[in-house]
Amino acid sequence: MSHASAGGPGTPVSKDPGNPGSSGSSEGPGGPSPSPVRAARGRASLMSTRPWIAAGFLLPALLLLGALVAYPIVYSLYRSFFGASGDGFVGLDNYAEVFSGDRLTAVKNTLVWVIVAPSVATAFGLVFAVLTERVRWGTAFKMVVFMPMAISMLAAGIIFGLVYQQDPDRGVANAVWVGVHDTFTESSAWPGARPRPTSDLAASGGGAFTTKSAAEGSGTTDLPLVGVPPQDVAGAAEAAPAKPAGGSGADGAVTGTVWLDFTKGGGGKPGSIDPKEKALAGVTVEAVKDGEVVASAKTGDDGTYALPKEAEGAKLRLPSSNFAEAYNGVDWLGPSLVTPAIIASYIWMWAGFAMVLIAAGLAGISRELLEAARMDGANEWQVFRKVTVPLLAPVLSVVVVTLMINVLKIFDLVYIIAPSATQSDANVLALELYLSSFGGGANQGVGSAIAVVLLLLVVPVMIINIRRLRRENRR
Amino acid sequence: MSTPSPAPPKKAAPAEKTGAKKSAPVTEAKPVRAKPSVGSRIAALTGGTVMRVVLLLIGLFWLLPTAGLLGSSFRDSADIADSGWWSVFSDPGQLTFTNYDALFANDAITDSLMVTIMITVPSTALVVILGALAGYAFAWLDFPGRDWWFLVVVGLLVVPVQVALIPVSKLFNTLGLFETTPGVVLFHTAFGLPFAVFLLRNFFAEIPRELMEAARLDGAGEIRLFTRVVLPLGGPAIASLGIFQFLWVWNDMLVALIFADAGSPPVTVALQQQVRQFGSNIDVLAPGAFISMIIPLAVFFAFQRQFVSGVMAGAVK
């Protein structure tokens, strides 16, 4: 697999001593080769050049770096001490503004991002790398998980905008969620339906309706309802009057019809089953005596129900489960879930990155060591926990640090996925910088302060990189 | 299990076993090294199956969001408003190219793809050329302060682009580069350079010294040495760098949002402008996003190896 073996013959890149991607102990069997830099310094005779030639090679790159990367650092620092328009010196006011009011949400969210996203993505990557190691189609799996890294955050944002759509008939996340939810709780038959005010049914608390009078044995008790939108019953059968249980051998049974007591286009008598009035199928009818359910039945396609003899003299109740509003899923992009939802999309994109780096590190672990642990009686979990993970520690830390730096810059995903209503709840520093300085805010003082804060957060990594390089060169 | 001949038994065992009856694996355990393996083999077998199923499900789960985009892009707006993209499985008749037809008839989108190319190709070429020049100088030329300069470049590796947005927009304003394609190209080049120099210096430094000295003794000057020895040998690293930079620039939205001409933006910004009315125009967004993904995905699949080594070297960027 190219992933695992990248860094093979054609790509000495990852084995290079100066490369942070392969730090310290995870180095390949070759070990660090003596740095040619030092060698060159030792006997410079053959390779020495006139300085102006070296300058010719370096100048274009250094000029661009100086003007567009290094100078902006200095300018941002300077600019962050001046107000919105740039003339008045304001001291640390811009920084105070970053850490107060609405912008504090951006600071908090950035913290959540930096802590959660890299660690979860790395954990996923670790699990995937270990699991795929022994599966023959592991390559295909890795490709699938790694692929999102190649696409833009904008495309990923659009993809997850679709996933998180609120309507369970459109967004796959809610479709699955509602599907799971509805298998555990019964969905209601006729949300919003209620009895006709003049009928015998009255609200009996908790959304249920109960008849005021007791049901007669061998009689019919019709239960008229209203409040169902006509289009919902367009396909329903017409209501049929229930036959009183008589000669059918079910003496004393209670029957009746539950229907929509509403004739489209007017006409029709309240309380009576007029032609063209629609049946309400699937309604649960309970017979209640002294607060206890003695029998229950569901209405059929023609709206009729039949309760056994026990129901005689009982009051009939339509439980609230008949009328509950349909469960509409989770508001993924609402104020409380929007950040976790966007972090999930980031993990979708970057778990593959962690997986590939960890898989490469895994390939470098000696098999003998793992076998030795197994021989000593360690089970797979112990081997993973006590041998693999500690050996991978350098790789894991590189992955986490890389992702942390990456997460600090997160902008597109939040900007695209968060709807304008909850954009402020999902805000992060990189987005706030854009919003306050370019997106209508026009306060470049605060923007510069945010830039400096972001820069300060990566300074430790900068120092680590430089230190490591100097160590490698000295060796 | 300890194996005298390490590789073959490990690979072959699961294949044989899945074919054989699972009910009585004990009987086929060879007495030679039966002791530790019987129990663990059964565990490995059942655990292996569970693991495979789990992996398969995760793989499908990972594909699901992209499948949603693809499915949506082939349904017309009425269907999109009416039901979820997964209904194409029960009713494939609704698949249609209307969205794509409309997309390609839409000048704003086709122009934006051209702009993206006009930004991406020069940025990639410039980064490779300037990075190679500087990388060579840092690896093989002797000049005062060389190591110090290289440390500076490595330090710049992790500077977030956000730091440069405000200062560079001011700078470009005075230079007349603001909201122009060359400005965007220069910005991307500058921010690609630390990684380029770092990667290529490290790679070039691995070129055997004897080779360089031999070429030098043959009378090659710096330019010849660079073009005839260093560049050809640096092929793999240059490929990695090129792919990485290409994807980075192609996929960028933030830099383009600020520095590109809002009137003729690259495709990411053109689509972002459509996102504002999300929900109502998925028939534009879905195919647009998919078109914008095709090139990066093609590059990714074609140059996986180089991409991966670029990613590995780029860790901590």
# chains A, B, ... in the order shown; residues from 1 in each chain; ligands from 1
call {"tool": "select_by_dssp", "arguments": {"residues": "stretch 148-393 of chain A", "states": "strand (DSSP E or B)", "output": "short mmCIF file (atom, residue, chain, number, x, y, z; two decimals) with all heavy atoms, in the first residue's frame"}}
result
data_model
loop_
_atom_site.label_atom_id
_atom_site.label_comp_id
_atom_site.auth_asym_id
_atom_site.auth_seq_id
_atom_site.Cartn_x
_atom_site.Cartn_y
_atom_site.Cartn_z
N ARG A 194 -58.41 16.76 16.93
CA ARG A 194 -59.08 17.01 18.21
C ARG A 194 -60.58 16.75 18.00
O ARG A 194 -61.08 16.74 16.86
CB ARG A 194 -58.83 18.45 18.66
CG ARG A 194 -59.29 19.46 17.64
CD ARG A 194 -59.02 20.88 18.07
NE ARG A 194 -59.73 21.78 17.18
CZ ARG A 194 -59.28 22.17 16.00
NH1 ARG A 194 -58.12 21.74 15.58
NH2 ARG A 194 -60.00 22.97 15.23
N PRO A 195 -61.32 16.56 19.10
CA PRO A 195 -62.75 16.27 18.95
C PRO A 195 -63.51 17.51 18.48
O PRO A 195 -63.09 18.64 18.74
CB PRO A 195 -63.18 15.88 20.35
CG PRO A 195 -61.99 15.88 21.20
CD PRO A 195 -60.88 16.56 20.49
N LEU A 201 -66.88 13.88 23.39
CA LEU A 201 -65.48 13.75 23.83
C LEU A 201 -65.01 15.03 24.50
O LEU A 201 -65.32 16.12 24.06
CB LEU A 201 -64.58 13.47 22.62
CG LEU A 201 -64.59 12.05 22.06
CD1 LEU A 201 -63.96 12.04 20.67
CD2 LEU A 201 -63.84 11.10 22.99
N ALA A 202 -64.25 14.87 25.57
CA ALA A 202 -63.68 16.03 26.23
C ALA A 202 -62.23 15.74 26.59
O ALA A 202 -61.85 14.59 26.82
CB ALA A 202 -64.47 16.36 27.49
N ALA A 203 -61.44 16.79 26.63
CA ALA A 203 -60.04 16.62 26.99
C ALA A 203 -59.94 16.05 28.40
O ALA A 203 -60.63 16.49 29.31
CB ALA A 203 -59.32 17.96 26.92
N PHE A 209 -58.34 12.32 25.04
CA PHE A 209 -59.75 12.71 25.06
C PHE A 209 -60.59 11.53 25.51
O PHE A 209 -60.35 10.40 25.08
CB PHE A 209 -60.20 13.19 23.67
CG PHE A 209 -59.41 14.37 23.16
CD1 PHE A 209 -58.42 14.20 22.20
CD2 PHE A 209 -59.64 15.64 23.66
CE1 PHE A 209 -57.68 15.27 21.75
CE2 PHE A 209 -58.90 16.72 23.20
CZ PHE A 209 -57.92 16.54 22.24
N THR A 210 -61.59 11.80 26.35
CA THR A 210 -62.41 10.72 26.89
C THR A 210 -63.89 11.09 26.74
O THR A 210 -64.25 12.27 26.84
CB THR A 210 -62.09 10.49 28.38
OG1 THR A 210 -60.69 10.41 28.53
CG2 THR A 210 -62.72 9.20 28.89
N THR A 211 -64.72 10.09 26.51
CA THR A 211 -66.15 10.36 26.40
C THR A 211 -66.71 10.68 27.78
O THR A 211 -66.23 10.16 28.80
CB THR A 211 -66.90 9.14 25.83
OG1 THR A 211 -66.58 8.00 26.62
CG2 THR A 211 -66.53 8.88 24.39
N THR A 220 -73.39 1.44 19.37
CA THR A 220 -72.29 2.08 18.66
C THR A 220 -72.01 3.42 19.30
O THR A 220 -72.90 4.15 19.70
CB THR A 220 -72.63 2.31 17.18
OG1 THR A 220 -73.78 3.15 17.12
CG2 THR A 220 -72.88 1.02 16.46
N LEU A 223 -67.10 8.52 17.25
CA LEU A 223 -66.23 9.54 17.82
C LEU A 223 -65.79 10.51 16.71
O LEU A 223 -64.88 10.21 15.95
CB LEU A 223 -65.01 8.88 18.47
CG LEU A 223 -65.37 7.83 19.55
CD1 LEU A 223 -64.15 7.01 19.92
CD2 LEU A 223 -65.96 8.51 20.78
N PRO A 224 -66.43 11.67 16.59
CA PRO A 224 -66.07 12.62 15.53
C PRO A 224 -64.86 13.46 15.91
O PRO A 224 -64.77 13.97 17.02
CB PRO A 224 -67.33 13.51 15.45
CG PRO A 224 -67.95 13.42 16.81
CD PRO A 224 -67.53 12.14 17.44
N LEU A 225 -63.95 13.59 14.98
CA LEU A 225 -62.77 14.42 15.20
C LEU A 225 -62.68 15.47 14.11
O LEU A 225 -63.19 15.29 13.00
CB LEU A 225 -61.49 13.57 15.18
CG LEU A 225 -61.34 12.51 16.28
CD1 LEU A 225 -60.04 11.73 16.07
CD2 LEU A 225 -61.36 13.13 17.67
N VAL A 226 -61.99 16.55 14.43
CA VAL A 226 -61.69 17.57 13.42
C VAL A 226 -60.23 17.96 13.58
O VAL A 226 -59.51 17.42 14.43
CB VAL A 226 -62.57 18.83 13.59
CG1 VAL A 226 -64.02 18.53 13.28
CG2 VAL A 226 -62.40 19.41 14.98
N GLU A 238 -63.62 6.36 2.77
CA GLU A 238 -64.75 7.06 3.36
C GLU A 238 -65.19 6.34 4.62
O GLU A 238 -65.11 5.12 4.72
CB GLU A 238 -65.90 7.13 2.36
CG GLU A 238 -65.65 8.20 1.32
CD GLU A 238 -66.77 8.29 0.29
OE1 GLU A 238 -67.88 7.81 0.60
OE2 GLU A 238 -66.52 8.83 -0.79
N VAL A 254 -68.71 -3.27 22.07
CA VAL A 254 -68.90 -1.87 21.76
C VAL A 254 -68.24 -1.58 20.42
O VAL A 254 -67.07 -1.94 20.22
CB VAL A 254 -68.28 -0.98 22.86
CG1 VAL A 254 -68.40 0.50 22.49
CG2 VAL A 254 -68.91 -1.27 24.19
N THR A 255 -68.98 -1.00 19.52
CA THR A 255 -68.38 -0.65 18.24
C THR A 255 -68.62 0.82 17.95
O THR A 255 -69.34 1.50 18.68
CB THR A 255 -68.99 -1.47 17.08
OG1 THR A 255 -70.40 -1.20 17.05
CG2 THR A 255 -68.74 -2.95 17.27
N GLY A 256 -68.02 1.30 16.89
CA GLY A 256 -68.21 2.69 16.53
C GLY A 256 -67.25 3.09 15.43
O GLY A 256 -66.48 2.26 14.93
N THR A 257 -67.34 4.35 15.07
CA THR A 257 -66.49 4.85 13.99
C THR A 257 -65.74 6.10 14.48
O THR A 257 -66.31 6.94 15.16
CB THR A 257 -67.35 5.23 12.77
OG1 THR A 257 -68.14 4.11 12.41
CG2 THR A 257 -66.47 5.64 11.60
N VAL A 258 -64.50 6.16 14.13
CA VAL A 258 -63.74 7.39 14.35
C VAL A 258 -63.52 8.00 12.98
O VAL A 258 -62.98 7.36 12.09
CB VAL A 258 -62.38 7.11 15.04
CG1 VAL A 258 -61.65 8.44 15.26
CG2 VAL A 258 -62.58 6.39 16.35
N TRP A 259 -64.02 9.24 12.79
CA TRP A 259 -63.87 9.82 11.45
C TRP A 259 -63.66 11.31 11.52
O TRP A 259 -63.81 11.93 12.58
CB TRP A 259 -65.09 9.44 10.59
CG TRP A 259 -66.29 10.33 10.77
CD1 TRP A 259 -66.74 11.25 9.88
CD2 TRP A 259 -67.18 10.40 11.89
NE1 TRP A 259 -67.84 11.88 10.35
CE2 TRP A 259 -68.14 11.38 11.59
CE3 TRP A 259 -67.26 9.72 13.13
CZ2 TRP A 259 -69.17 11.71 12.46
CZ3 TRP A 259 -68.27 10.05 14.00
CH2 TRP A 259 -69.22 11.04 13.67
N LEU A 260 -63.30 11.86 10.40
CA LEU A 260 -63.11 13.29 10.30
C LEU A 260 -64.46 13.90 9.99
O LEU A 260 -64.95 13.80 8.87
CB LEU A 260 -62.09 13.61 9.20
CG LEU A 260 -61.76 15.09 9.02
CD1 LEU A 260 -61.15 15.66 10.29
CD2 LEU A 260 -60.81 15.28 7.85
N LYS A 278 -64.29 11.40 5.68
CA LYS A 278 -63.23 10.41 5.64
C LYS A 278 -63.04 9.68 6.96
O LYS A 278 -63.17 10.26 8.03
CB LYS A 278 -61.91 11.10 5.28
CG LYS A 278 -61.92 11.76 3.91
CD LYS A 278 -61.88 10.75 2.80
CE LYS A 278 -61.55 11.42 1.47
NZ LYS A 278 -61.40 10.44 0.41
N ALA A 279 -62.67 8.42 6.85
CA ALA A 279 -62.38 7.62 8.04
C ALA A 279 -60.99 7.96 8.56
O ALA A 279 -60.10 8.33 7.80
CB ALA A 279 -62.45 6.14 7.69
N THR A 284 -56.11 4.59 18.13
CA THR A 284 -56.28 3.69 19.27
C THR A 284 -57.46 4.16 20.12
O THR A 284 -57.54 5.34 20.47
CB THR A 284 -55.01 3.68 20.13
OG1 THR A 284 -53.91 3.34 19.30
CG2 THR A 284 -55.14 2.66 21.27
N VAL A 285 -58.37 3.25 20.39
CA VAL A 285 -59.51 3.55 21.26
C VAL A 285 -59.40 2.67 22.49
O VAL A 285 -59.29 1.45 22.38
CB VAL A 285 -60.85 3.27 20.55
CG1 VAL A 285 -62.02 3.66 21.44
CG2 VAL A 285 -60.92 4.03 19.23
N GLU A 286 -59.38 3.29 23.66
CA GLU A 286 -59.26 2.52 24.90
C GLU A 286 -60.57 2.58 25.67
O GLU A 286 -61.23 3.63 25.71
CB GLU A 286 -58.14 3.08 25.77
CG GLU A 286 -56.75 2.88 25.19
CD GLU A 286 -55.68 3.58 26.01
OE1 GLU A 286 -56.03 4.49 26.80
OE2 GLU A 286 -54.51 3.23 25.86
N ALA A 287 -60.93 1.46 26.26
CA ALA A 287 -62.09 1.46 27.16
C ALA A 287 -61.56 1.58 28.58
O ALA A 287 -60.71 0.80 29.00
CB ALA A 287 -62.86 0.16 27.01
N VAL A 288 -62.02 2.61 29.31
CA VAL A 288 -61.47 2.89 30.63
C VAL A 288 -62.57 2.75 31.69
O VAL A 288 -63.63 3.36 31.57
CB VAL A 288 -60.89 4.31 30.69
CG1 VAL A 288 -60.23 4.57 32.04
CG2 VAL A 288 -59.89 4.52 29.57
N LYS A 289 -62.31 1.91 32.68
CA LYS A 289 -63.23 1.80 33.82
C LYS A 289 -62.47 2.15 35.08
O LYS A 289 -61.43 1.56 35.37
CB LYS A 289 -63.72 0.34 33.94
CG LYS A 289 -64.96 0.06 33.12
CD LYS A 289 -65.40 -1.39 33.35
CE LYS A 289 -66.59 -1.72 32.47
NZ LYS A 289 -66.77 -3.19 32.39
N GLU A 292 -58.79 2.51 34.80
CA GLU A 292 -57.97 1.42 34.28
C GLU A 292 -58.42 1.05 32.88
O GLU A 292 -59.62 1.00 32.59
CB GLU A 292 -58.08 0.20 35.19
CG GLU A 292 -57.48 0.47 36.54
CD GLU A 292 -56.86 -0.80 37.13
OE1 GLU A 292 -56.76 -1.80 36.39
OE2 GLU A 292 -56.50 -0.76 38.30
N VAL A 293 -57.45 0.78 32.04
CA VAL A 293 -57.79 0.38 30.68
C VAL A 293 -58.22 -1.09 30.69
O VAL A 293 -57.46 -1.95 31.07
CB VAL A 293 -56.58 0.56 29.75
CG1 VAL A 293 -56.93 0.10 28.33
CG2 VAL A 293 -56.13 2.01 29.75
N VAL A 294 -59.46 -1.34 30.30
CA VAL A 294 -59.92 -2.73 30.31
C VAL A 294 -59.85 -3.37 28.94
O VAL A 294 -59.81 -4.59 28.81
CB VAL A 294 -61.37 -2.85 30.85
CG1 VAL A 294 -61.40 -2.51 32.33
CG2 VAL A 294 -62.31 -1.95 30.07
N ALA A 295 -59.84 -2.53 27.90
CA ALA A 295 -59.73 -3.08 26.55
C ALA A 295 -59.27 -1.96 25.62
O ALA A 295 -59.46 -0.79 25.91
CB ALA A 295 -61.07 -3.62 26.07
N SER A 296 -58.66 -2.35 24.51
CA SER A 296 -58.31 -1.32 23.53
C SER A 296 -58.35 -1.90 22.13
O SER A 296 -58.22 -3.10 21.94
CB SER A 296 -56.95 -0.71 23.86
OG SER A 296 -55.94 -1.42 23.22
N ALA A 297 -58.60 -1.03 21.18
CA ALA A 297 -58.69 -1.48 19.79
C ALA A 297 -58.20 -0.37 18.89
O ALA A 297 -58.13 0.80 19.29
CB ALA A 297 -60.13 -1.85 19.45
N LYS A 298 -57.87 -0.75 17.66
CA LYS A 298 -57.46 0.26 16.68
C LYS A 298 -58.51 0.33 15.59
O LYS A 298 -59.10 -0.69 15.22
CB LYS A 298 -56.11 -0.15 16.07
CG LYS A 298 -54.94 0.58 16.68
CD LYS A 298 -53.70 0.35 15.84
CE LYS A 298 -52.44 0.73 16.51
NZ LYS A 298 -52.00 1.95 16.77
N THR A 304 -63.81 2.13 11.55
CA THR A 304 -64.57 1.44 12.60
C THR A 304 -63.64 0.71 13.55
O THR A 304 -62.53 0.31 13.20
CB THR A 304 -65.53 0.40 12.00
OG1 THR A 304 -64.77 -0.54 11.24
CG2 THR A 304 -66.57 1.07 11.13
N TYR A 305 -64.09 0.58 14.76
CA TYR A 305 -63.37 -0.19 15.77
C TYR A 305 -64.36 -1.12 16.44
O TYR A 305 -65.58 -0.91 16.37
CB TYR A 305 -62.72 0.73 16.81
CG TYR A 305 -63.73 1.47 17.67
CD1 TYR A 305 -64.16 0.93 18.89
CD2 TYR A 305 -64.26 2.69 17.26
CE1 TYR A 305 -65.11 1.59 19.66
CE2 TYR A 305 -65.20 3.35 18.01
CZ TYR A 305 -65.62 2.79 19.21
OH TYR A 305 -66.56 3.42 19.97
N ALA A 306 -63.85 -2.13 17.08
CA ALA A 306 -64.72 -3.03 17.83
C ALA A 306 -64.04 -3.41 19.11
O ALA A 306 -62.94 -3.98 19.10
CB ALA A 306 -65.03 -4.28 16.99
N LEU A 307 -64.68 -3.05 20.22
CA LEU A 307 -64.12 -3.41 21.53
C LEU A 307 -64.89 -4.61 22.07
O LEU A 307 -66.09 -4.73 21.84
CB LEU A 307 -64.26 -2.22 22.49
CG LEU A 307 -63.28 -1.06 22.27
CD1 LEU A 307 -63.79 0.19 22.98
CD2 LEU A 307 -61.89 -1.42 22.76
N LYS A 315 -65.88 4.13 29.83
CA LYS A 315 -65.75 5.34 29.02
C LYS A 315 -64.68 5.10 27.97
O LYS A 315 -63.70 4.37 28.21
CB LYS A 315 -65.38 6.52 29.92
CG LYS A 315 -66.51 6.85 30.87
CD LYS A 315 -66.25 8.08 31.68
CE LYS A 315 -67.54 8.44 32.41
NZ LYS A 315 -67.36 9.59 33.30
N LEU A 316 -64.89 5.72 26.84
CA LEU A 316 -63.92 5.50 25.76
C LEU A 316 -62.92 6.64 25.72
O LEU A 316 -63.28 7.82 25.79
CB LEU A 316 -64.64 5.40 24.42
CG LEU A 316 -65.67 4.27 24.34
CD1 LEU A 316 -66.27 4.19 22.94
CD2 LEU A 316 -65.05 2.92 24.73
N ARG A 317 -61.67 6.26 25.61
CA ARG A 317 -60.63 7.28 25.63
C ARG A 317 -59.75 7.16 24.37
O ARG A 317 -59.39 6.05 23.95
CB ARG A 317 -59.74 7.09 26.88
CG ARG A 317 -58.61 8.12 26.95
CD ARG A 317 -57.93 8.09 28.28
NE ARG A 317 -57.06 6.92 28.42
CZ ARG A 317 -56.37 6.64 29.52
NH1 ARG A 317 -56.49 7.40 30.59
NH2 ARG A 317 -55.61 5.57 29.56
N LEU A 318 -59.46 8.31 23.79
CA LEU A 318 -58.48 8.35 22.69
C LEU A 318 -57.18 8.86 23.28
O LEU A 318 -57.05 10.04 23.60
CB LEU A 318 -58.97 9.28 21.58
CG LEU A 318 -60.33 8.93 20.98
CD1 LEU A 318 -60.74 9.98 19.94
CD2 LEU A 318 -60.31 7.55 20.35
#
call {"tool": "atom_distance", "arguments": {"atom1": "atom CA of A:Gly86", "atom2": "atom CA of B:Val168"}}
result
15.4 Å
call {"tool": "residues_around", "arguments": {"residues": "B:Leu225", "least_positions_apart": "3", "cutoff": "8 Å", "atoms": "only C-alpha atoms", "output": "JSON, numbers by chain"}}
result
{"B": [212, 215, 216, 220, 221, 222, 228, 229, 230]}
call {"tool": "closest_residue", "arguments": {"among": "B:Met253, B:Leu69, B:Val121, B:Val153", "to": "A:Gly161", "atoms": "only C-alpha atoms"}}
result
B:Leu69
call {"tool": "closest_residue", "arguments": {"among": "A:Glu216, A:Asp376, A:Asp169, A:Asp261", "to": "A:Pro230", "atoms": "only C-alpha atoms"}}
result
A:Asp261
call {"tool": "residues_around", "arguments": {"residues": "A:Glu277", "least_positions_apart": "5", "cutoff": "10 Å", "atoms": "only C-alpha atoms", "output": "ChimeraX atom specification"}}
result
/A:233,236-240,259-264,268,272
call {"tool": "write_last_selection", "arguments": {"atoms": "N, CA, C and O atoms", "output": "PDB file, in the first residue's frame"}}
result
ATOM      1  N   VAL A 233     -55.909  13.403   4.598  1.00  0.00           N
ATOM      2  CA  VAL A 233     -56.871  12.308   4.497  1.00  0.00           C
ATOM      3  C   VAL A 233     -57.293  12.076   3.049  1.00  0.00           C
ATOM      4  O   VAL A 233     -58.217  11.321   2.780  1.00  0.00           O
ATOM      5  N   ALA A 236     -57.551   8.573   2.236  1.00  0.00           N
ATOM      6  CA  ALA A 236     -58.236   7.689   3.183  1.00  0.00           C
ATOM      7  C   ALA A 236     -59.591   7.226   2.637  1.00  0.00           C
ATOM      8  O   ALA A 236     -60.179   7.871   1.764  1.00  0.00           O
ATOM      9  N   ALA A 237     -60.054   6.109   3.169  1.00  0.00           N
ATOM     10  CA  ALA A 237     -61.359   5.581   2.747  1.00  0.00           C
ATOM     11  C   ALA A 237     -62.462   6.431   3.361  1.00  0.00           C
ATOM     12  O   ALA A 237     -62.245   7.155   4.326  1.00  0.00           O
ATOM     13  N   GLU A 238     -63.622   6.356   2.766  1.00  0.00           N
ATOM     14  CA  GLU A 238     -64.751   7.059   3.356  1.00  0.00           C
ATOM     15  C   GLU A 238     -65.192   6.345   4.618  1.00  0.00           C
ATOM     16  O   GLU A 238     -65.109   5.116   4.719  1.00  0.00           O
ATOM     17  N   ALA A 239     -65.647   7.151   5.565  1.00  0.00           N
ATOM     18  CA  ALA A 239     -66.035   6.570   6.842  1.00  0.00           C
ATOM     19  C   ALA A 239     -67.295   5.732   6.681  1.00  0.00           C
ATOM     20  O   ALA A 239     -68.208   6.097   5.929  1.00  0.00           O
ATOM     21  N   ALA A 240     -67.346   4.633   7.349  1.00  0.00           N
ATOM     22  CA  ALA A 240     -68.523   3.768   7.289  1.00  0.00           C
ATOM     23  C   ALA A 240     -69.125   3.665   8.669  1.00  0.00           C
ATOM     24  O   ALA A 240     -68.387   3.576   9.656  1.00  0.00           O
ATOM     25  N   TRP A 259     -64.015   9.240  12.788  1.00  0.00           N
ATOM     26  CA  TRP A 259     -63.872   9.821  11.449  1.00  0.00           C
ATOM     27  C   TRP A 259     -63.659  11.309  11.517  1.00  0.00           C
ATOM     28  O   TRP A 259     -63.808  11.928  12.581  1.00  0.00           O
ATOM     29  N   LEU A 260     -63.301  11.857  10.401  1.00  0.00           N
ATOM     30  CA  LEU A 260     -63.113  13.291  10.302  1.00  0.00           C
ATOM     31  C   LEU A 260     -64.461  13.901   9.990  1.00  0.00           C
ATOM     32  O   LEU A 260     -64.955  13.802   8.873  1.00  0.00           O
ATOM     33  N   ASP A 261     -65.027  14.545  10.995  1.00  0.00           N
ATOM     34  CA  ASP A 261     -66.393  15.062  10.875  1.00  0.00           C
ATOM     35  C   ASP A 261     -66.375  16.405  10.155  1.00  0.00           C
ATOM     36  O   ASP A 261     -66.669  17.441  10.729  1.00  0.00           O
ATOM     37  N   PHE A 262     -66.009  16.330   8.911  1.00  0.00           N
ATOM     38  CA  PHE A 262     -65.868  17.573   8.146  1.00  0.00           C
ATOM     39  C   PHE A 262     -66.088  17.244   6.687  1.00  0.00           C
ATOM     40  O   PHE A 262     -65.423  16.359   6.137  1.00  0.00           O
ATOM     41  N   THR A 263     -67.048  17.887   6.098  1.00  0.00           N
ATOM     42  CA  THR A 263     -67.304  17.634   4.682  1.00  0.00           C
ATOM     43  C   THR A 263     -66.650  18.719   3.857  1.00  0.00           C
ATOM     44  O   THR A 263     -66.890  19.909   4.083  1.00  0.00           O
ATOM     45  N   LYS A 264     -65.811  18.287   2.944  1.00  0.00           N
ATOM     46  CA  LYS A 264     -65.106  19.235   2.106  1.00  0.00           C
ATOM     47  C   LYS A 264     -66.126  20.012   1.273  1.00  0.00           C
ATOM     48  O   LYS A 264     -67.024  19.432   0.682  1.00  0.00           O
ATOM     49  N   GLY A 268     -73.055  18.754   5.269  1.00  0.00           N
ATOM     50  CA  GLY A 268     -72.727  17.737   6.257  1.00  0.00           C
ATOM     51  C   GLY A 268     -73.188  18.175   7.623  1.00  0.00           C
ATOM     52  O   GLY A 268     -73.168  19.350   7.962  1.00  0.00           O
ATOM     53  N   SER A 272     -72.679  13.547  12.589  1.00  0.00           N
ATOM     54  CA  SER A 272     -73.173  12.374  11.868  1.00  0.00           C
ATOM     55  C   SER A 272     -72.230  12.035  10.721  1.00  0.00           C
ATOM     56  O   SER A 272     -71.563  12.909  10.171  1.00  0.00           O
TER      57      SER A 272
END
call {"tool": "select_by_dssp", "arguments": {"residues": "stretch 79-313 of chain B", "states": "alpha helix (DSSP H)", "output": "PyMOL selection string"}}
result
chain B and resi 79-82+87-90+98-105+107-140+146-156+162-175+181-204+209-217+222-224+231-233+235-251+254-259+267-275+282-302+304-313
call {"tool": "atom_distance", "arguments": {"atom1": "atom CA of A:Phe353", "atom2": "atom CA of B:Val159"}}
result
20.2 Å
call {"tool": "closest_residue", "arguments": {"among": "B:Gly310, B:Pro122, B:Gly234, B:Pro296", "to": "A:Ala155", "atoms": "only C-alpha atoms"}}
result
B:Pro296
